[in-house]
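As structure tokens, the structure follows; a few thoughts come after it.
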Amino acid sequence: MAEFTQREVEGMRQVAIDIADETVRARAGALSNMCGRIEFTPRLPGAGDLWRSLFTREARVRPWYRGTGRIILQPSLSGYHVLHVAKGERWLLEPGVYWASEGSVRLGLSREPLFASLWAGDGLLNWKTTLTGPGQVAINAPGPVETIDIDGEFRVQGRLVLGRTAGLRFRSVRSARFPRNFISGQKRLRLFEGTGKVMIAWTPYWHQYMFNRMTGEDIESSIFE
């Protein structure tokens with residue numbers, strides 16, 4: 001089994017992946033360096049993937065790495081979280097969250113209901129990356145990640161939830177009953193209902209938060225291109 005670890009240098013974090021005659025894949029452009037006998041193979045997406053990519057921010061080319069050695073991915077002022085996807089488990093990730101995974105993890109796309117996405121401010125067509133286990137997955141995380149079990153309803157202000165299991169349905173709701181929602185001081189809430197798990201980042205890493213506050217830019221697009 002591949003070994004995913006997160007290391008921190010000068011306040012920045014990056015993912016290191018050690019493989020021994022194994023296969024992993026990663027987001028396009030994520031590679032920093034690699035050593036050992038590793039073959040790097042960008043695979044072309046299918047026609048359906050290319051069509052769906054017109055309506056989503058998710059990259060459809062995710063290069064494969066096969067062999068023995070160490071792969072180190074690009075650093076970030078934010079951080080990463082290693083998710084262990086169990087056999088038979090299916091996760092839905094928010095756009096831009098996927099970073100890398102073992103070859104045993106199957107990736108796909110799933111579209112949220114049209115009106116739920118529209119009311120939540122995500123646009124009419126909101127496609128999300130799906131993960132089916134077993135295997136490990138590294139995800140982008142703006143802050144420390146906590147996994148919470150849900151049985152019923154879970155309401156969140158803003159985009160704190162990074163991913164959820166398929167047993168949870170998503171929709172956007174008022175913060176309070178009409179017309180009291182206009183004086184509540186809260187925007188519309190994201191509601192997750194059913195039985196399952198969510199990954200949530202309650203607070204950001206302060207380096208990333210200060211960078212965004214001072215520049216209004218994304219660290220990924222401003223330093224590494």
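In the structure tokens, chains take the letters A, B, ... in the order shown, each chain's residues start at 1, and ligands count up from 1 in the order shown.
DSSP, applied to the backbone of this structure, assigns helix (DSSP H, G or I) to the following residues of stretch 23-210 of chain A: Ala47, Gly48, Asp49, Leu50, Trp51, Arg52, Ser53, Leu114, Phe115, Ala116, Ser117, Leu118, Trp119, Ala120, Arg180, Asn181, Phe182, Ile183, Trp206, His207, Gln208, Tyr209 and Met210 of chain A.
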Inset, instruction - Could you tell me, as a PyMOL selection string, which residues of chain A DSSP assigns to strand (DSSP E or B) when given the backbone? - result: chain A and resi 3-9+12-26+31-41+64-73+76+79-85+87+90-93+98-102+106-111+127-133+135-141+146-156+161-165+168-173+189-200
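Near A:Thr132, within 12 Å and counting only C-alpha atoms, sit A:Leu83, A:His84, A:Val85, A:Ala86, A:Lys87, A:Gly88, A:Glu89, A:Arg90, A:Trp91, A:Leu92, A:Leu93, A:Ser101, A:Glu102, A:Gly103, A:Ser104, A:Val105, A:Arg106, A:Leu107, A:Gly108, A:Leu109, A:Thr129, A:Thr130, A:Pro134, A:Gly135, A:Gln136, A:Val137, A:Thr165, A:Ala166, not including residues fewer than 2 positions from it in the same chain.
Here atom CA of A:Pro113 is placed at a distance of 11.5 Å from atom CA of A:Lys128.
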Inset, instruction - Mind checking which residues fall within 10 Å of A:Ser117, counting only C-alpha atoms, ignoring those fewer than 4 positions away in the same chain, and posting them as a list in words? - result: Arg111, Glu112, Pro113, Gly121, Asp122, Gly123, Leu124, Leu125, Asn126, Trp127, Phe170, Arg171, Ser172 and Arg190 of chain A
Exercise: A:Arg13 partners within 10 Å, only C-alpha atoms, chain neighbours under 4 positions left out, as a compact mmCIF listing (two decimals) with all heavy atoms, in the first residue's frame:
# COMPACT_ATOMS: atom_id res chain seq x y z
N GLN A 6 2.24 14.02 5.07
CA GLN A 6 2.27 15.47 4.89
C GLN A 6 3.46 16.03 5.66
O GLN A 6 3.66 15.71 6.83
CB GLN A 6 0.98 16.12 5.40
CG GLN A 6 0.97 17.63 5.22
CD GLN A 6 -0.33 18.28 5.70
OE1 GLN A 6 -0.62 19.42 5.35
NE2 GLN A 6 -1.11 17.58 6.50
N ARG A 7 4.26 16.83 5.00
CA ARG A 7 5.40 17.44 5.68
C ARG A 7 5.26 18.95 5.62
O ARG A 7 4.62 19.51 4.73
CB ARG A 7 6.71 16.98 5.05
CG ARG A 7 6.97 17.46 3.64
CD ARG A 7 8.32 16.96 3.16
NE ARG A 7 8.80 17.68 2.01
CZ ARG A 7 10.03 17.58 1.52
NH1 ARG A 7 10.89 16.76 2.09
NH2 ARG A 7 10.40 18.29 0.47
N GLU A 8 5.89 19.62 6.60
CA GLU A 8 5.79 21.08 6.70
C GLU A 8 7.18 21.68 6.73
O GLU A 8 8.04 21.26 7.50
CB GLU A 8 5.04 21.47 7.96
CG GLU A 8 4.82 22.97 8.11
CD GLU A 8 3.91 23.34 9.26
OE1 GLU A 8 3.26 22.42 9.81
OE2 GLU A 8 3.84 24.53 9.61
N VAL A 9 7.42 22.66 5.83
CA VAL A 9 8.70 23.35 5.74
C VAL A 9 8.43 24.84 5.59
O VAL A 9 7.69 25.25 4.69
CB VAL A 9 9.55 22.84 4.55
CG1 VAL A 9 10.88 23.57 4.50
CG2 VAL A 9 9.77 21.33 4.63
N LEU A 73 4.68 16.33 -4.03
CA LEU A 73 3.80 17.24 -4.74
C LEU A 73 4.04 18.69 -4.31
O LEU A 73 4.74 18.95 -3.34
CB LEU A 73 2.34 16.84 -4.50
CG LEU A 73 2.00 15.38 -4.88
CD1 LEU A 73 0.53 15.10 -4.63
CD2 LEU A 73 2.37 15.09 -6.33
N GLN A 74 3.47 19.62 -5.06
CA GLN A 74 3.70 21.04 -4.84
C GLN A 74 3.29 21.47 -3.43
O GLN A 74 2.28 20.99 -2.89
CB GLN A 74 2.90 21.86 -5.85
CG GLN A 74 3.40 21.74 -7.28
CD GLN A 74 4.63 22.59 -7.53
OE1 GLN A 74 5.18 23.20 -6.62
NE2 GLN A 74 5.07 22.64 -8.78
N PRO A 75 4.04 22.39 -2.81
CA PRO A 75 3.67 22.90 -1.49
C PRO A 75 2.58 23.96 -1.56
O PRO A 75 2.32 24.53 -2.62
CB PRO A 75 4.99 23.49 -0.98
CG PRO A 75 5.68 23.94 -2.23
CD PRO A 75 5.32 22.94 -3.29
N SER A 76 1.98 24.23 -0.42
CA SER A 76 0.91 25.22 -0.36
C SER A 76 0.89 25.86 1.02
O SER A 76 1.27 25.24 2.02
CB SER A 76 -0.44 24.56 -0.64
OG SER A 76 -1.50 25.46 -0.42
N LEU A 77 0.42 27.10 1.10
CA LEU A 77 0.22 27.75 2.39
C LEU A 77 -0.96 27.15 3.13
O LEU A 77 -1.06 27.24 4.35
CB LEU A 77 -0.01 29.25 2.20
CG LEU A 77 1.22 30.10 1.91
CD1 LEU A 77 0.80 31.55 1.66
CD2 LEU A 77 2.22 30.04 3.04
N SER A 78 -1.91 26.56 2.40
CA SER A 78 -2.98 25.82 3.05
C SER A 78 -2.44 24.43 3.37
O SER A 78 -1.24 24.28 3.58
CB SER A 78 -4.23 25.77 2.16
OG SER A 78 -3.94 25.18 0.92
N GLY A 79 -3.26 23.40 3.43
CA GLY A 79 -2.75 22.10 3.82
C GLY A 79 -3.43 20.98 3.07
O GLY A 79 -4.14 21.20 2.07
N TYR A 80 -3.23 19.77 3.57
CA TYR A 80 -3.77 18.58 2.93
C TYR A 80 -4.29 17.62 4.01
O TYR A 80 -3.89 17.70 5.17
CB TYR A 80 -2.71 17.89 2.08
CG TYR A 80 -2.15 18.80 1.01
CD1 TYR A 80 -0.98 19.53 1.23
CD2 TYR A 80 -2.81 18.99 -0.19
CE1 TYR A 80 -0.48 20.40 0.27
CE2 TYR A 80 -2.32 19.86 -1.16
CZ TYR A 80 -1.16 20.56 -0.92
OH TYR A 80 -0.68 21.42 -1.87
Legend entry - Selection near A:Ala28, 12 Å with only C-alpha atoms, sequence-local residues under 2 positions removed, as a PyMOL selection string: chain A and resi 25-26+30-32+40-44+58-65+73-74+96+98-100
